[in-house]
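The next block holds one structure in the form of structure tokens; read it before the comments.
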Amino acid sequence: MDLANTDPNNRDKWALITGASSGIGRALAYEFAAEGYHLFLTARNRQALEAVASDCAAKFTVQTQIHLADLTRHDEIDSLIRALSAAPLAFGVLVNNAGFGVKGTFLGTDLGQELGMVSVQVDAILKLTKAVAPGMVARKQGHILNVASVYSFAPVPYQTVYGACKSFLWSFSAALRAELNGTGVTVTVLCPGVTQTEFRARAGIPERNKSAGASPEDIARIAVRRTLRGDILIVPGLPNKLFVFMARHLPISVFHHFITLVNNLRGVNR
Ligand SMILES: NC(=O)c1ccc[n+]([C@@H]2O[C@H](COP(=O)([O-])OP(=O)(O)OC[C@H]3O[C@@H](n4cnc5c(N)ncnc54)[C@H](OP(=O)(O)O)[C@@H]3O)[C@@H](O)[C@H]2O)c1
């Protein structure tokens, strides 16, 4: 009998979380630790990662490991994957959360930045999933949580490549979920709307209403509960659900006007 499959408290199970140094990723680390998962956390900011790791270890009596990696760099993605196989851990959870935005007209934005974004939000996710999912399938248990966005369903003028990365993630995740059906491994896509993290400040995206958006803690609480339940798609909050509904049902020419209007009203396109 595979004891890892029957442990109700997730003892000896690890959660690998990218982008765990701030925002939604940090909040997810606390929630998975509260569920009894040991934490393998990665990002670039050592001080912030160490603070999350030591706080979770103290509060929830879990083990923690950190690994610094800049996921815009393929050599650093590969060294992260080598570190995972050097200390083989039973990953019960993989969270692909790290991400950042690039704002501006496609003809005006920096290609290097956008390729870096594709590396973080596409390449790293593919490589980590290929590295971690086979062990989950072998143990007949696991949860993959991919942090996308309401923009997964909407072409986004002035954030064209960001929106495209998030659409890729939804399509990839939904297809992978179907392939893994019956293996005991689930794939869940979290599609938050505006959330109060460092994301917009880092991307230089202004927002007229500074207090708009959900807290990362609320998003993480919902996400962990529903990921462990094996849901496929999480869109937290009624306004975000309405946005996704319109994105999926309105003709694209109409939706383009709608999203441009909404983002103009928010002050996002300035
Ligand atoms: N906030 C929102 O309104 C919102 C809405 C929808 C979706 N999302 C998505 O939510 C996810 C988390 O973002 P957040 O809102 O929590 O923003 P955040 O506070 O800026 O956190 C982003 C995380 O990603 C990590 N990261 C960024 N660039 C990285 C790189 N090159 N290499 C490795 N790690 C990197 C950061 O860590 P280091 O800087 O330490 O490397 C940080 O831990 C992203 O995928 C984002 O697209 C956010």
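All residue names refer to the structure tokens as shown: chains lettered A, B, ... in order, residues numbered from 1 in each chain, ligands numbered from 1 in order.
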
Taking 6 positions as the minimum chain separation for residues in the same chain, which residues sit within 10 Å of Glu198 in chain A when counting only C-alpha atoms? Answer as a PyMOL selection string.
chain A and resi 22-24+100

Using only C-alpha atoms and all ligand atoms, which residues of chain A come within 6 Å of ligand 1, and what is the closest atom pair for each, with the distance in Å to one decimal? Give it as a Markdown table, sorted by chain and residue number.
| residue | atom | partner | partner_atom_place_in_ligand_line | distance |
| --- | --- | --- | --- | --- |
| A:Gly19 | CA | ligand 1 | 43 (O) | 3.2 |
| A:Ala20 | CA | ligand 1 | 43 (O) | 4.5 |
| A:Ser21 | CA | ligand 1 | 43 (O) | 3.9 |
| A:Ser22 | CA | ligand 1 | 43 (O) | 4.4 |
| A:Gly23 | CA | ligand 1 | 16 (O) | 3.4 |
| A:Ile24 | CA | ligand 1 | 16 (O) | 3.8 |
| A:Gly25 | CA | ligand 1 | 16 (O) | 5.6 |
| A:Ala43 | CA | ligand 1 | 41 (O) | 4.1 |
| A:Arg44 | CA | ligand 1 | 41 (O) | 3.6 |
| A:Asn45 | CA | ligand 1 | 40 (O) | 3.7 |
| A:Ala69 | CA | ligand 1 | 33 (C) | 5.6 |
| A:Asp70 | CA | ligand 1 | 32 (N) | 3.6 |
| A:Leu71 | CA | ligand 1 | 32 (N) | 3.8 |
| A:Thr72 | CA | ligand 1 | 31 (N) | 4.7 |
| A:Asn97 | CA | ligand 1 | 45 (O) | 4.7 |
| A:Ala98 | CA | ligand 1 | 24 (O) | 3.5 |
| A:Gly99 | CA | ligand 1 | 45 (O) | 3.7 |
| A:Phe100 | CA | ligand 1 | 27 (C) | 5.3 |
| A:Val147 | CA | ligand 1 | 45 (O) | 5.4 |
| A:Ala148 | CA | ligand 1 | 7 (C) | 5.5 |
| A:Ser149 | CA | ligand 1 | 6 (C) | 4.1 |
| A:Pro192 | CA | ligand 1 | 6 (C) | 4.5 |
| A:Gly193 | CA | ligand 1 | 5 (C) | 4.6 |
| A:Val194 | CA | ligand 1 | 3 (O) | 3.5 |
| A:Thr195 | CA | ligand 1 | 3 (O) | 3.8 |
| A:Gln196 | CA | ligand 1 | 1 (N) | 5.7 |
| A:Thr197 | CA | ligand 1 | 19 (O) | 4.4 |
| A:Glu198 | CA | ligand 1 | 19 (O) | 3.9 |
| A:Phe199 | CA | ligand 1 | 20 (O) | 3.7 |

Taking only C-alpha atoms into account, name the residue in A:Gln47, A:Thr105, A:Ser85, A:Thr160 that is nearest to Leu128 in chain A.
A:Ser85

Residue contacts of Gln159 in chain A (8 Å, only C-alpha atoms) excluding same-chain residues fewer than 3 positions away, as a list in words:
Gly101, Val102, Lys103, Gly104, Thr105, Phe106, Val156, Tyr162 and Gly163 of chain A

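Of the residues under consideration (A:Ala154, A:Leu169, A:Ala220, A:Ala53), A:Ala154 shows the shortest atom-to-atom contact distance to His249 in chain A when counting only C-alpha atoms.
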
Name all residues at most 9 Å from range 231-240 of chain A (count only C-alpha atoms; drop same-chain ones fewer than 4 positions away) and give them as a count of residues only.
23

With DSSP run on the backbone, what are the strand (DSSP E or B) residues within range 43-251 of chain A? I'd like them as a list of chain:residue names.
A:Ala43, A:Thr64, A:Gln65, A:Ile66, A:His67, A:Leu68, A:Phe91, A:Gly92, A:Val93, A:Leu94, A:Val95, A:Asn96, A:Gly142, A:His143, A:Ile144, A:Leu145, A:Asn146, A:Val147, A:Val185, A:Thr186, A:Val187, A:Thr188, A:Val189, A:Leu190, A:Thr195, A:Ala214, A:Leu233, A:Ile234

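The smallest atom-to-atom distance between Leu28 in chain A and any of A:Leu261, A:Arg248, A:Val118, A:Arg221, using only C-alpha atoms, is found for A:Arg221.
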
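Between Gly204 in chain A and the candidates A:Phe32, A:Phe243, A:Phe258, A:Tyr158, the tightest atom-to-atom separation, counting only C-alpha atoms, involves A:Tyr158.
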